[in-house]
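Text of the file my_file_10.cif, holding mmCIF, C-alpha atoms:
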```cif
data_upload
loop_
_atom_site.label_atom_id
_atom_site.label_comp_id
_atom_site.auth_asym_id
_atom_site.auth_seq_id
_atom_site.Cartn_x
_atom_site.Cartn_y
_atom_site.Cartn_z
CA MET A 1 0.76 -13.98 16.84
CA TRP A 2 -2.52 -12.53 15.64
CA ARG A 3 -3.78 -11.91 19.17
CA SER A 4 -0.57 -10.14 20.17
CA LEU A 5 -0.52 -7.87 17.10
CA ARG A 6 -4.21 -7.10 16.80
CA PRO A 7 -4.56 -4.48 19.60
CA ILE A 8 -1.66 -2.31 18.38
CA GLY A 9 -2.85 1.01 16.95
CA ARG A 10 -6.52 0.11 17.13
CA SER A 11 -9.00 2.95 17.62
CA ASP A 12 -11.69 2.33 20.23
CA ALA A 13 -13.90 4.85 18.46
CA SER A 14 -13.88 3.31 14.98
CA GLY A 15 -12.58 -0.21 15.53
CA GLY A 16 -10.09 0.50 12.74
CA TYR A 17 -6.33 0.90 12.80
CA ARG A 18 -4.17 4.02 12.82
CA ARG A 19 -0.70 2.61 12.35
CA TYR A 20 1.02 5.52 10.64
CA ALA A 21 4.70 5.63 9.72
CA TRP A 22 7.17 6.68 12.42
CA THR A 23 4.54 7.03 15.16
CA GLY A 24 4.13 5.24 18.49
CA ALA A 25 1.86 2.61 16.93
CA ASP A 26 4.44 2.02 14.20
CA ALA A 27 7.15 1.60 16.84
CA ASP A 28 5.01 -0.97 18.66
CA CYS A 29 4.49 -2.90 15.39
CA ARG A 30 8.22 -2.82 14.75
CA LEU A 31 8.93 -4.13 18.23
CA TRP A 32 6.41 -6.92 17.63
CA PHE A 33 8.23 -7.87 14.41
CA ARG A 34 11.60 -7.93 16.15
CA MET A 35 10.24 -10.09 18.97
CA GLN A 36 8.83 -12.59 16.45
CA ALA A 37 12.19 -12.72 14.66
CA GLU A 38 14.21 -13.21 17.83
CA ALA A 39 11.79 -15.83 19.17
CA ARG A 40 12.60 -17.89 16.05
CA ARG A 41 16.37 -17.31 16.36
CA LEU A 42 16.44 -15.31 13.12
CA ASN A 43 19.05 -12.65 12.44
CA TYR A 44 17.28 -9.32 12.78
CA GLU A 45 18.29 -6.09 11.05
CA VAL A 46 16.89 -2.76 9.88
CA ASP A 47 18.08 -1.49 6.51
CA ARG A 48 19.05 2.06 5.60
CA ASN A 49 15.43 2.92 4.69
CA GLY A 50 13.84 1.63 7.89
CA ASN A 51 12.60 -1.68 6.47
CA GLN A 52 12.86 -4.63 8.87
CA TRP A 53 14.43 -7.99 7.96
CA ALA A 54 14.57 -11.35 9.72
CA TRP A 55 17.08 -13.75 8.14
CA LEU A 56 17.44 -17.51 8.23
CA GLY A 57 20.82 -18.35 6.69
CA ASP A 58 23.53 -16.06 5.39
CA PRO A 59 22.19 -13.30 3.10
CA GLU A 60 25.64 -12.84 1.61
CA ARG A 61 25.21 -16.17 -0.20
CA GLY A 62 22.72 -14.53 -2.53
CA ASP A 63 19.72 -15.94 -4.40
CA ALA A 64 17.68 -15.50 -1.23
CA VAL A 65 13.95 -16.14 -1.07
CA VAL A 66 12.11 -13.33 0.71
CA THR A 67 8.53 -13.06 1.89
CA GLY A 68 6.60 -10.54 3.98
CA SER A 69 4.49 -7.42 3.57
CA HIS A 70 3.82 -4.35 5.76
CA LEU A 71 2.33 -3.50 9.17
CA ASP A 72 1.21 0.12 8.72
CA SER A 73 -2.37 1.07 7.86
CA VAL A 74 -4.59 3.62 6.17
CA PRO A 75 -6.68 5.81 8.50
CA ASP A 76 -9.08 3.49 10.33
CA GLY A 77 -8.01 0.58 8.14
CA GLY A 78 -8.68 -3.10 8.62
CA ALA A 79 -6.69 -5.71 10.50
CA PHE A 80 -5.65 -7.81 7.50
CA ASP A 81 -4.22 -5.49 4.83
CA GLY A 82 -0.49 -5.95 5.27
CA PRO A 83 -0.34 -7.69 8.66
CA LEU A 84 -1.83 -10.91 7.27
CA GLY A 85 1.20 -11.21 4.99
CA VAL A 86 3.69 -10.68 7.82
CA VAL A 87 1.94 -13.00 10.27
CA SER A 88 1.54 -15.65 7.56
CA SER A 89 5.25 -15.42 6.72
CA PHE A 90 6.29 -16.26 10.27
CA ALA A 91 3.63 -18.99 10.40
CA ALA A 92 4.85 -20.45 7.11
CA LEU A 93 8.40 -20.63 8.49
CA ASP A 94 7.03 -22.43 11.56
CA GLU A 95 5.27 -24.88 9.25
CA LEU A 96 8.43 -25.53 7.22
CA ARG A 97 10.37 -26.22 10.39
CA ARG A 98 7.63 -28.60 11.49
CA ARG A 99 7.99 -30.40 8.15
CA GLY A 100 11.70 -30.75 8.82
CA VAL A 101 12.77 -29.36 5.45
CA THR A 102 16.37 -28.46 4.63
CA PHE A 103 16.89 -24.93 3.37
CA THR A 104 19.30 -24.66 0.46
CA LYS A 105 18.90 -20.89 0.08
CA PRO A 106 18.78 -18.01 2.56
CA LEU A 107 15.23 -17.09 3.62
CA ALA A 108 14.07 -13.71 4.90
CA ILE A 109 10.87 -12.22 6.26
CA THR A 110 10.44 -8.48 5.86
CA ASN A 111 8.24 -5.61 6.99
CA PHE A 112 8.43 -2.74 4.52
CA GLY A 113 7.92 0.70 6.03
CA ASP A 114 5.20 3.20 5.16
CA GLU A 115 3.51 1.09 2.48
CA GLU A 116 0.13 2.79 2.75
CA GLY A 117 1.40 6.36 2.60
CA ALA A 118 -1.21 7.48 5.13
CA ARG A 119 1.03 10.02 6.83
CA PHE A 120 3.14 11.54 4.05
CA GLY A 121 0.85 10.98 1.07
CA LEU A 122 3.11 8.64 -0.93
CA ALA A 123 2.61 4.88 -0.91
CA CYS A 124 5.40 2.28 -0.60
CA VAL A 125 8.04 4.72 0.63
CA GLY A 126 10.28 2.01 2.10
CA SER A 127 10.33 -0.16 -1.01
CA ARG A 128 10.49 2.84 -3.38
CA LEU A 129 13.60 4.13 -1.62
CA THR A 130 15.20 0.68 -1.69
CA ALA A 131 14.50 0.24 -5.40
CA GLY A 132 15.68 3.74 -6.28
CA LYS A 133 12.21 4.83 -7.37
CA LEU A 134 12.16 7.61 -4.78
CA THR A 135 15.21 9.81 -4.42
CA LYS A 136 16.54 11.10 -1.14
CA GLU A 137 15.71 14.64 -2.23
CA GLN A 138 12.13 13.68 -3.05
CA ALA A 139 11.77 11.85 0.27
CA TYR A 140 13.06 14.88 2.16
CA GLY A 141 10.32 16.94 0.55
CA LEU A 142 7.52 14.79 1.99
CA THR A 143 5.57 16.30 4.89
CA ASP A 144 2.57 15.20 6.91
CA GLY A 145 -0.58 17.16 7.71
CA ASP A 146 1.15 18.92 10.60
CA GLY A 147 4.06 20.04 8.46
CA ILE A 148 6.49 17.48 9.91
CA SER A 149 8.94 16.29 7.30
CA LEU A 150 9.77 12.63 6.70
CA PRO A 151 13.41 12.99 7.86
CA ARG A 152 12.30 14.79 11.01
CA ALA A 153 9.78 12.03 11.75
CA MET A 154 12.40 9.32 11.18
CA GLU A 155 14.87 11.10 13.43
CA ALA A 156 12.27 11.48 16.18
CA ALA A 157 11.66 7.73 15.96
CA GLY A 158 15.37 7.01 16.43
CA TYR A 159 16.39 6.39 12.81
CA ASP A 160 19.01 8.11 10.69
CA PRO A 161 17.40 9.94 7.75
CA GLU A 162 20.81 10.72 6.26
CA ALA A 163 21.24 7.04 5.38
CA ILE A 164 18.15 6.64 3.20
CA GLY A 165 18.51 5.88 -0.49
CA PRO A 166 18.82 3.11 -3.08
CA ASP A 167 20.00 -0.26 -1.80
CA PRO A 168 21.08 -2.20 -4.91
CA GLU A 169 23.47 -4.42 -2.95
CA ARG A 170 20.61 -5.74 -0.84
CA LEU A 171 18.35 -6.32 -3.83
CA ALA A 172 21.16 -8.14 -5.65
CA ARG A 173 21.11 -10.79 -2.91
CA ILE A 174 17.43 -11.58 -3.50
CA GLY A 175 16.40 -14.24 -6.01
CA ALA A 176 12.63 -14.00 -5.45
CA PHE A 177 10.15 -12.04 -3.34
CA VAL A 178 6.70 -13.50 -2.67
CA GLU A 179 4.12 -11.35 -0.88
CA LEU A 180 0.94 -12.79 0.60
CA HIS A 181 -1.97 -10.36 0.92
CA VAL A 182 -5.65 -10.46 1.74
CA GLU A 183 -7.64 -10.01 -1.47
CA GLN A 184 -8.99 -6.51 -1.89
CA GLY A 185 -12.12 -7.55 -3.73
CA ARG A 186 -14.42 -10.58 -4.04
CA ALA A 187 -13.06 -12.53 -7.00
CA LEU A 188 -12.00 -15.50 -4.84
CA ASP A 189 -15.23 -15.44 -2.90
CA LEU A 190 -17.21 -15.55 -6.13
CA SER A 191 -15.10 -18.40 -7.54
CA GLY A 192 -15.12 -20.38 -4.31
CA ASP A 193 -11.30 -20.46 -3.98
CA ARG A 194 -9.37 -19.85 -0.80
CA VAL A 195 -6.12 -18.71 -2.44
CA GLY A 196 -5.20 -17.01 -5.72
CA ILE A 197 -2.08 -15.86 -7.57
CA ALA A 198 -1.58 -12.29 -8.80
CA SER A 199 -1.16 -11.70 -12.52
CA ALA A 200 -0.64 -7.94 -12.65
CA ILE A 201 -1.23 -4.67 -10.81
CA TRP A 202 -3.24 -2.03 -12.62
CA PRO A 203 -1.51 1.29 -13.35
CA HIS A 204 -2.54 3.82 -10.74
CA GLY A 205 -1.74 7.26 -9.44
CA ARG A 206 -2.70 10.13 -7.15
CA TRP A 207 -3.49 13.65 -8.35
CA ARG A 208 -4.03 16.75 -6.20
CA PHE A 209 -6.66 19.24 -7.37
CA ASP A 210 -6.35 22.75 -5.86
CA PHE A 211 -9.46 24.89 -6.37
CA ARG A 212 -8.83 28.51 -5.29
CA GLY A 213 -11.66 30.95 -4.91
CA GLU A 214 -12.48 33.79 -2.53
CA ALA A 215 -13.31 33.47 1.15
CA ASN A 216 -16.42 35.37 2.15
CA HIS A 217 -19.33 35.47 4.57
CA ALA A 218 -21.82 32.63 4.09
CA GLY A 219 -24.75 34.71 5.30
CA THR A 220 -24.23 38.06 3.58
CA THR A 221 -22.67 37.24 0.21
CA ARG A 222 -25.15 36.92 -2.64
CA LEU A 223 -24.94 33.68 -4.62
CA VAL A 224 -24.16 35.57 -7.83
CA ASP A 225 -21.26 37.35 -6.12
CA ARG A 226 -19.54 34.21 -4.87
CA ARG A 227 -16.35 32.53 -6.10
CA ASP A 228 -17.00 29.29 -4.26
CA PRO A 229 -14.43 26.55 -5.01
CA MET A 230 -16.60 23.95 -3.29
CA LEU A 231 -18.98 23.98 -6.26
CA SER A 232 -16.16 23.25 -8.68
CA TYR A 233 -14.86 20.51 -6.43
CA ALA A 234 -18.30 18.91 -6.08
CA GLU A 235 -18.78 18.81 -9.85
CA THR A 236 -15.34 17.21 -10.21
CA VAL A 237 -16.22 14.46 -7.74
CA LEU A 238 -19.31 13.62 -9.78
CA ALA A 239 -17.31 13.75 -13.00
CA ALA A 240 -14.78 11.28 -11.58
CA ARG A 241 -17.52 8.74 -10.88
CA ARG A 242 -19.08 9.29 -14.30
CA GLU A 243 -15.88 8.98 -16.30
CA ALA A 244 -14.64 5.93 -14.39
CA GLU A 245 -17.93 4.14 -14.89
CA LEU A 246 -17.88 4.82 -18.63
CA ALA A 247 -14.34 3.46 -18.96
CA GLY A 248 -14.62 0.45 -16.65
CA ALA A 249 -12.01 1.99 -14.34
CA VAL A 250 -12.10 3.36 -10.80
CA ALA A 251 -11.67 6.94 -9.60
CA THR A 252 -12.05 8.23 -6.05
CA PHE A 253 -11.79 11.53 -4.25
CA GLY A 254 -11.19 10.16 -0.76
CA LYS A 255 -9.38 13.05 0.89
CA VAL A 256 -10.27 16.73 0.99
CA ALA A 257 -8.92 19.80 2.81
CA VAL A 258 -10.83 23.07 3.04
CA GLU A 259 -9.68 26.57 4.02
CA PRO A 260 -10.70 28.37 6.15
CA ASN A 261 -12.95 25.41 7.00
CA GLY A 262 -15.63 27.38 8.79
CA VAL A 263 -19.32 26.54 8.85
CA ASN A 264 -20.29 30.13 8.08
CA ALA A 265 -17.49 30.83 5.62
CA ILE A 266 -17.30 30.41 1.87
CA PRO A 267 -14.03 28.54 1.26
CA SER A 268 -10.99 30.19 -0.26
CA LEU A 269 -9.40 26.85 -1.08
CA VAL A 270 -10.69 23.32 -1.60
CA ARG A 271 -7.95 20.75 -2.10
CA GLY A 272 -9.00 17.26 -3.15
CA TRP A 273 -6.92 14.18 -3.87
CA LEU A 274 -7.90 11.89 -6.73
CA ASP A 275 -6.94 8.22 -6.76
CA SER A 276 -7.56 6.56 -10.12
CA ARG A 277 -6.74 3.10 -11.50
CA ALA A 278 -7.49 1.14 -14.65
CA ALA A 279 -6.60 -2.13 -16.32
CA ASP A 280 -4.27 -0.43 -18.80
CA GLN A 281 -2.40 2.83 -19.23
CA ALA A 282 -4.47 4.14 -22.13
CA THR A 283 -7.72 3.78 -20.20
CA LEU A 284 -6.26 5.46 -17.13
CA ASP A 285 -5.03 8.39 -19.21
CA VAL A 286 -8.48 8.83 -20.78
CA VAL A 287 -10.20 8.83 -17.37
CA VAL A 288 -7.85 11.28 -15.66
CA GLU A 289 -7.80 13.64 -18.65
CA ALA A 290 -11.61 13.65 -18.77
CA ILE A 291 -11.84 14.38 -15.03
CA GLU A 292 -9.37 17.24 -15.30
CA ARG A 293 -11.18 18.64 -18.34
CA ALA A 294 -14.51 18.61 -16.47
CA ALA A 295 -12.85 20.26 -13.47
CA ARG A 296 -11.37 23.06 -15.56
CA GLU A 297 -14.62 23.72 -17.41
CA ARG A 298 -16.56 24.03 -14.15
CA ALA A 299 -13.82 26.09 -12.48
CA GLU A 300 -13.87 28.56 -15.37
CA ARG A 301 -17.65 29.00 -15.01
CA ASP A 302 -17.28 29.55 -11.27
CA GLY A 303 -14.36 31.99 -11.55
CA ILE A 304 -12.05 29.55 -9.77
CA ASP A 305 -8.32 29.04 -10.29
CA LEU A 306 -7.37 25.37 -10.64
CA ALA A 307 -4.00 23.65 -10.35
CA VAL A 308 -3.59 19.90 -10.84
CA VAL A 309 -0.46 18.11 -9.62
CA ARG A 310 0.34 14.44 -10.11
CA GLU A 311 1.81 13.44 -6.76
CA SER A 312 2.56 9.80 -7.50
CA PHE A 313 2.22 7.27 -10.28
CA THR A 314 2.91 3.56 -10.73
CA PRO A 315 2.71 2.03 -14.22
CA VAL A 316 1.19 -1.38 -14.89
CA VAL A 317 3.11 -4.20 -13.19
CA GLU A 318 3.18 -7.59 -14.87
CA PHE A 319 4.58 -10.03 -12.35
CA GLU A 320 7.38 -12.13 -13.81
CA HIS A 321 5.68 -14.91 -15.73
CA ALA A 322 8.31 -17.53 -14.91
CA LEU A 323 7.94 -17.03 -11.15
CA ARG A 324 4.16 -16.70 -11.42
CA ASP A 325 3.98 -19.96 -13.39
CA GLU A 326 6.27 -21.65 -10.86
CA LEU A 327 3.85 -20.70 -8.08
CA GLY A 328 1.04 -22.23 -10.12
CA LYS A 329 2.97 -25.49 -10.45
CA LEU A 330 3.87 -25.60 -6.77
CA LEU A 331 0.24 -25.05 -5.77
CA GLY A 332 -1.30 -27.06 -8.58
CA GLY A 333 -3.63 -29.88 -7.69
CA GLU A 334 -6.87 -31.22 -9.01
CA ARG A 335 -8.08 -27.64 -9.40
CA PRO A 336 -5.79 -24.90 -10.82
CA VAL A 337 -5.17 -21.92 -8.59
CA PRO A 338 -6.93 -18.86 -10.07
CA VAL A 339 -4.79 -16.03 -11.43
CA LEU A 340 -6.14 -12.56 -10.65
CA GLY A 341 -5.39 -8.97 -11.58
CA THR A 342 -5.62 -6.28 -8.92
CA GLY A 343 -6.16 -2.56 -8.76
CA ALA A 344 -4.23 -2.19 -5.51
CA GLY A 345 -0.56 -1.26 -5.28
CA HIS A 346 1.91 -3.31 -3.24
CA ASP A 347 5.59 -3.42 -2.34
CA ALA A 348 5.89 -6.47 -4.60
CA GLY A 349 4.85 -4.28 -7.50
CA VAL A 350 7.41 -1.59 -6.68
CA LEU A 351 10.20 -4.16 -6.42
CA SER A 352 9.21 -6.03 -9.59
CA GLY A 353 11.45 -3.88 -11.75
CA SER A 354 14.49 -4.87 -9.69
CA ILE A 355 13.91 -8.49 -8.65
CA PRO A 356 11.49 -11.32 -9.54
CA THR A 357 8.31 -10.87 -7.50
CA ALA A 358 4.99 -12.65 -7.11
CA MET A 359 1.90 -12.42 -4.94
CA LEU A 360 -0.60 -14.74 -3.28
CA PHE A 361 -4.09 -13.59 -2.34
CA VAL A 362 -6.25 -14.96 0.48
CA ARG A 363 -10.04 -14.88 0.12
CA ASN A 364 -11.89 -11.90 1.60
CA PRO A 365 -15.60 -12.81 1.85
CA THR A 366 -16.72 -9.20 2.37
CA GLY A 367 -14.68 -7.82 -0.52
CA VAL A 368 -14.12 -4.79 1.72
CA SER A 369 -10.65 -3.33 2.21
CA HIS A 370 -9.18 -0.24 3.92
CA SER A 371 -12.01 -0.50 6.43
CA PRO A 372 -12.66 -2.23 9.77
CA ALA A 373 -15.07 -4.51 7.85
CA GLU A 374 -12.13 -6.08 6.02
CA HIS A 375 -12.06 -9.78 6.90
CA ALA A 376 -10.69 -13.24 6.20
CA GLU A 377 -11.90 -16.46 7.80
CA GLU A 378 -9.40 -18.39 9.90
CA ASP A 379 -9.64 -21.46 7.66
CA ASP A 380 -8.77 -19.33 4.63
CA CYS A 381 -5.86 -17.72 6.48
CA VAL A 382 -4.55 -21.20 7.37
CA ALA A 383 -4.91 -22.19 3.71
CA GLY A 384 -2.87 -19.12 2.83
CA VAL A 385 -0.13 -20.10 5.27
CA THR A 386 -0.04 -23.62 3.83
CA ALA A 387 0.16 -22.25 0.28
CA LEU A 388 2.94 -19.85 1.22
CA ALA A 389 4.83 -22.65 2.97
CA ASP A 390 4.49 -24.83 -0.12
CA VAL A 391 5.82 -22.01 -2.29
CA LEU A 392 8.75 -21.25 0.02
CA GLU A 393 9.61 -24.92 0.24
CA GLY A 394 9.66 -25.18 -3.54
CA LEU A 395 11.77 -22.04 -3.96
CA ALA A 396 14.13 -22.18 -0.98
CA CYS A 397 14.46 -25.89 -0.26
CA SER A 398 15.05 -27.27 -3.74
#
```
Written as structure tokens, that's how I'd like the structure from this file.
Amino acid sequence: MWRSLRPIGRSDASGGYRRYAWTGADADCRLWFRMQAEARRLNYEVDRNGNQWAWLGDPERGDAVVTGSHLDSVPDGGAFDGPLGVVSSFAALDELRRRGVTFTKPLAITNFGDEEGARFGLACVGSRLTAGKLTKEQAYGLTDGDGISLPRAMEAAGYDPEAIGPDPERLARIGAFVELHVEQGRALDLSGDRVGIASAIWPHGRWRFDFRGEANHAGTTRLVDRRDPMLSYAETVLAARREAELAGAVATFGKVAVEPNGVNAIPSLVRGWLDSRAADQATLDVVVEAIERAARERAERDGIDLAVVRESFTPVVEFEHALRDELGKLLGGERPVPVLGTGAGHDAGVLSGSIPTAMLFVRNPTGVSHSPAEHAEEDDCVAGVTALADVLEGLACS
């Protein structure tokens, strides 16, 4: 499975992946998922929001156990973020069949669409729509860097954008969702554990900072006569690092757009996107407010107009303790499985307000994520499959 999926959407230039929603690479990933489902004689379907499902048993019975993740990527992302969870889900089903277990509940494997938000700027679009956390109107307002709207992209890919929206009937049939994911950090590597259980997802959000100045000639305009928004933006980037460090949080300006974007032109507009996360809501609020305050103070000195827009936000997610504790019991042995918090968002977090969810993490020795350097050793991946199979057996075969 890994060998067949790995080439899809891979850039020869960077070695990373460019699997963006509703593109050719996304279509190839979706075809791969369908082929895996059909090869295992699972009932395949696509829901109203473009999420893929592979069912063992009748979903109408309810109390289903679902596992899976996503197959899309960030720009030049790694091979494991998302796909490891999908591949491991199919492998775990293979393992359960090898064990000869009897399923007493329906089981499903899923691939949620547009989890990373690389194309339209909003993460977890597929699961947000399903859970009613993104309205149809809001989804229709999403556009990519070329001005193509989400519904237009879906239609071009052969899907019906008119059908998107909340799917409470589907969620009502699910008793538990367990997502396996490569760890996005080094906690397991430092503790010497192959697999961990998620405790909570930090609150996190994305803010757009628009610095508007005055375009002018880079060679003939005196420094004192300039209204250069790049200076205000640069100070804000430094402030983000400073404030996050003081608070024990994280803050990143990872995307920037400049107009007119000429080497010999003073910009008229610098637009930067802030991603910030913290262990609790109060800390996150303090960090973002301090960054915005620093940005406004510098913009005022530079004669720059500043607008700040919160484009997305996810509050802290505490995974259901009963399900989390059940995973601990199912995986318990001589050594307890570590329970970890995470600063990364996931479909499991979005769905947690609607159904019981939990997560398993697989060790990442590099600690690197959203990069081609992201990695997990094969032995650790196999340990993750075994752990997921144990969990699914305990939840769906009892």
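Taking all atoms listed in the file into account, those protein, DNA and RNA residues with any atom at most 12 Å away from (-9.9, 30.0, 2.4) amount to Asp210, Phe211, Arg212, Gly213, Glu214, Ala215, Asn216, His217, Arg227, Asp228, Pro229, Met230, Ala257, Val258, Glu259, Pro260, Asn261, Gly262, Val263, Asn264, Ala265, Ile266, Pro267, Ser268, Leu269, Val270 and Arg271 of chain A.
Selection by the PyMOL selection byres ((chain A and resi 362) around 9) on the present file picks out Leu180, His181, Val182, Glu183, Leu188, Asp193, Arg194, Val195, Gly196, Leu360, Phe361, Arg363, Asn364, Ala376, Asp380, Cys381, Ala383 and Gly384 of chain A.
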Problem - Nearest residue to Gly62 in chain A from the set A:Ala396, A:Val287, A:Ala157, A:Ala251 (distances using all atoms listed in the file) - result: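 Result for the nearest residue to Gly62 in chain A: A:Ala396.
Candidate residues A:His321, A:Arg119, A:Lys255, A:Arg98 were compared for distance to Ser149 in chain A, and the nearest is A:Arg119, using all atoms listed in the file.
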Could you spell out the hits of the PyMOL selection byres ((chain A and resi 320) around 9) on the shown file, as a PDB file with C-alpha atoms, keeping the file's coordinate frame?
```pdb
ATOM      1  CA  SER A 199      -1.160 -11.700 -12.520  1.00  0.00           C
ATOM      2  CA  GLU A 318       3.180  -7.590 -14.870  1.00  0.00           C
ATOM      3  CA  PHE A 319       4.580 -10.030 -12.350  1.00  0.00           C
ATOM      4  CA  HIS A 321       5.680 -14.910 -15.730  1.00  0.00           C
ATOM      5  CA  ALA A 322       8.310 -17.530 -14.910  1.00  0.00           C
ATOM      6  CA  LEU A 323       7.940 -17.030 -11.150  1.00  0.00           C
ATOM      7  CA  ARG A 324       4.160 -16.700 -11.420  1.00  0.00           C
ATOM      8  CA  ASP A 325       3.980 -19.960 -13.390  1.00  0.00           C
ATOM      9  CA  SER A 352       9.210  -6.030  -9.590  1.00  0.00           C
ATOM     10  CA  PRO A 356      11.490 -11.320  -9.540  1.00  0.00           C
ATOM     11  CA  THR A 357       8.310 -10.870  -7.500  1.00  0.00           C
ATOM     12  CA  ALA A 358       4.990 -12.650  -7.110  1.00  0.00           C
TER      13      ALA A 358
END
```
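Minimum distance to Gly303 in chain A across A:Gly85, A:His346, A:Leu231, A:Gly192 (counting all atoms listed in the file) occurs at A:Leu231.
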Handout entry: Explicit residues for the PyMOL selection byres ((chain A and resi 64) around 7) (as a list in words)
Key =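 With the PyMOL selection byres ((chain A and resi 64) around 7) on this model, the match is Pro59, Gly62, Asp63, Val65, Val66, Lys105, Pro106, Leu107, Arg173, Ile174, Gly175 and Ala176 of chain A.
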Near Thr342 in chain A, counting all atoms listed in the file, which residues have an atom at most 10 Å away, once you skip same-chain residues fewer than 2 positions from it, shown as a PDB file with C-alpha atoms, in the frame of the given file?
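Written file, around-v9.pdb:
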```
ATOM      1  CA  GLU A 183      -7.640 -10.010  -1.470  1.00  0.00           C
ATOM      2  CA  GLN A 184      -8.990  -6.510  -1.890  1.00  0.00           C
ATOM      3  CA  GLY A 185     -12.120  -7.550  -3.730  1.00  0.00           C
ATOM      4  CA  ALA A 187     -13.060 -12.530  -7.000  1.00  0.00           C
ATOM      5  CA  ALA A 198      -1.580 -12.290  -8.800  1.00  0.00           C
ATOM      6  CA  SER A 199      -1.160 -11.700 -12.520  1.00  0.00           C
ATOM      7  CA  ALA A 200      -0.640  -7.940 -12.650  1.00  0.00           C
ATOM      8  CA  ILE A 201      -1.230  -4.670 -10.810  1.00  0.00           C
ATOM      9  CA  TRP A 202      -3.240  -2.030 -12.620  1.00  0.00           C
ATOM     10  CA  PRO A 203      -1.510   1.290 -13.350  1.00  0.00           C
ATOM     11  CA  ARG A 277      -6.740   3.100 -11.500  1.00  0.00           C
ATOM     12  CA  ALA A 278      -7.490   1.140 -14.650  1.00  0.00           C
ATOM     13  CA  ALA A 279      -6.600  -2.130 -16.320  1.00  0.00           C
ATOM     14  CA  VAL A 317       3.110  -4.200 -13.190  1.00  0.00           C
ATOM     15  CA  LEU A 340      -6.140 -12.560 -10.650  1.00  0.00           C
ATOM     16  CA  ALA A 344      -4.230  -2.190  -5.510  1.00  0.00           C
ATOM     17  CA  GLY A 345      -0.560  -1.260  -5.280  1.00  0.00           C
ATOM     18  CA  HIS A 346       1.910  -3.310  -3.240  1.00  0.00           C
ATOM     19  CA  PHE A 361      -4.090 -13.590  -2.340  1.00  0.00           C
TER      20      PHE A 361
END
```
Problem - Selected residue of minimal separation from Val250 in chain A among A:Leu284, A:Leu71, A:Ala27, A:Ala348, counting all atoms listed in the file - result: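 Using all atoms listed in the file, the shortest distance to Val250 in chain A belongs to A:Leu284.
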Problem - Gap from CA of Phe177 in chain A to CA of Phe120 in chain A - Å, one decimal - result: 25.7 Å
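Coordinates place CA of Phe80 in chain A at a distance of 17.4 Å from CA of Asp12 in chain A.
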Shell around Ala290 in chain A at 9 Å using all atoms listed in the file, local window under 5 positions removed, as a PDB file with C-alpha atoms, in the coordinates of the input:
```
ATOM      1  CA  ALA A 239     -17.310  13.750 -13.000  1.00  0.00           C
ATOM      2  CA  ALA A 240     -14.780  11.280 -11.580  1.00  0.00           C
ATOM      3  CA  GLU A 243     -15.880   8.980 -16.300  1.00  0.00           C
ATOM      4  CA  ASP A 285      -5.030   8.390 -19.210  1.00  0.00           C
ATOM      5  CA  ALA A 295     -12.850  20.260 -13.470  1.00  0.00           C
TER       6      ALA A 295
END
```
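Minimum distance to Gly272 in chain A across A:Glu326, A:Glu245, A:Glu297, A:Glu235 (counting only C-alpha atoms) occurs at A:Glu235.
Reported to one decimal place, the separation of CA of Val316 in chain A from CA of Ala139 in chain A is 22.7 Å.
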Practice task
Would you please work out which residue, of A:Ala21, A:Leu93, A:Leu5, A:Ile304, is nearest to Asn51 in chain A when using only C-alpha atoms?
Solution key: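 Counting only C-alpha atoms, the residue closest to Asn51 in chain A is A:Ala21.
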With 3 Å of padding per side, what axis-aligned box (centre and edge lengths, Å, one decimal) covers all the listed atoms of range 24-34 of chain A? Give it as AutoDock Vina command-line options.
```
--center_x 6.7 --center_y -1.3 --center_z 16.4 --size_x 15.7 --size_y 19.2 --size_z 10.5
```
Problem - Distance query Asp76 in chain A at most 12 Å, all atoms listed in the file, self and fewer than 3 positions along chain excluded, as a list in words - result: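 Neighbouring residues, sequence-local ones excluded: Gly9, Arg10, Ser11, Asp12, Ala13, Ser14, Gly15, Gly16, Tyr17, Arg18, Arg19, Tyr20, Asp72, Ser73, Ala79, Asp81, Glu116, Ala118, Ser369, His370, Ser371, Pro372, Ala373 and Glu374 of chain A.
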Output as a PDB file, in the coordinates of the input: range 215-220 of chain A, completed with N, CA and C atoms.
```pdb
ATOM      1  N   ALA A 215     -12.609  33.626  -0.123  1.00  0.00           N
ATOM      2  CA  ALA A 215     -13.310  33.470   1.150  1.00  0.00           C
ATOM      3  C   ALA A 215     -14.268  34.636   1.352  1.00  0.00           C
ATOM      4  N   ASN A 216     -15.438  34.320   1.910  1.00  0.00           N
ATOM      5  CA  ASN A 216     -16.420  35.370   2.150  1.00  0.00           C
ATOM      6  C   ASN A 216     -17.432  34.888   3.174  1.00  0.00           C
ATOM      7  N   HIS A 217     -18.332  35.774   3.550  1.00  0.00           N
ATOM      8  CA  HIS A 217     -19.330  35.470   4.570  1.00  0.00           C
ATOM      9  C   HIS A 217     -20.465  34.641   3.970  1.00  0.00           C
ATOM     10  N   ALA A 218     -20.789  33.523   4.616  1.00  0.00           N
ATOM     11  CA  ALA A 218     -21.820  32.630   4.090  1.00  0.00           C
ATOM     12  C   ALA A 218     -23.224  33.213   4.203  1.00  0.00           C
ATOM     13  N   GLY A 219     -23.400  34.177   5.095  1.00  0.00           N
ATOM     14  CA  GLY A 219     -24.750  34.710   5.300  1.00  0.00           C
ATOM     15  C   GLY A 219     -25.032  35.994   4.564  1.00  0.00           C
ATOM     16  N   THR A 220     -24.003  36.725   4.167  1.00  0.00           N
ATOM     17  CA  THR A 220     -24.230  38.060   3.580  1.00  0.00           C
ATOM     18  C   THR A 220     -23.814  38.179   2.122  1.00  0.00           C
TER      19      THR A 220
END
```
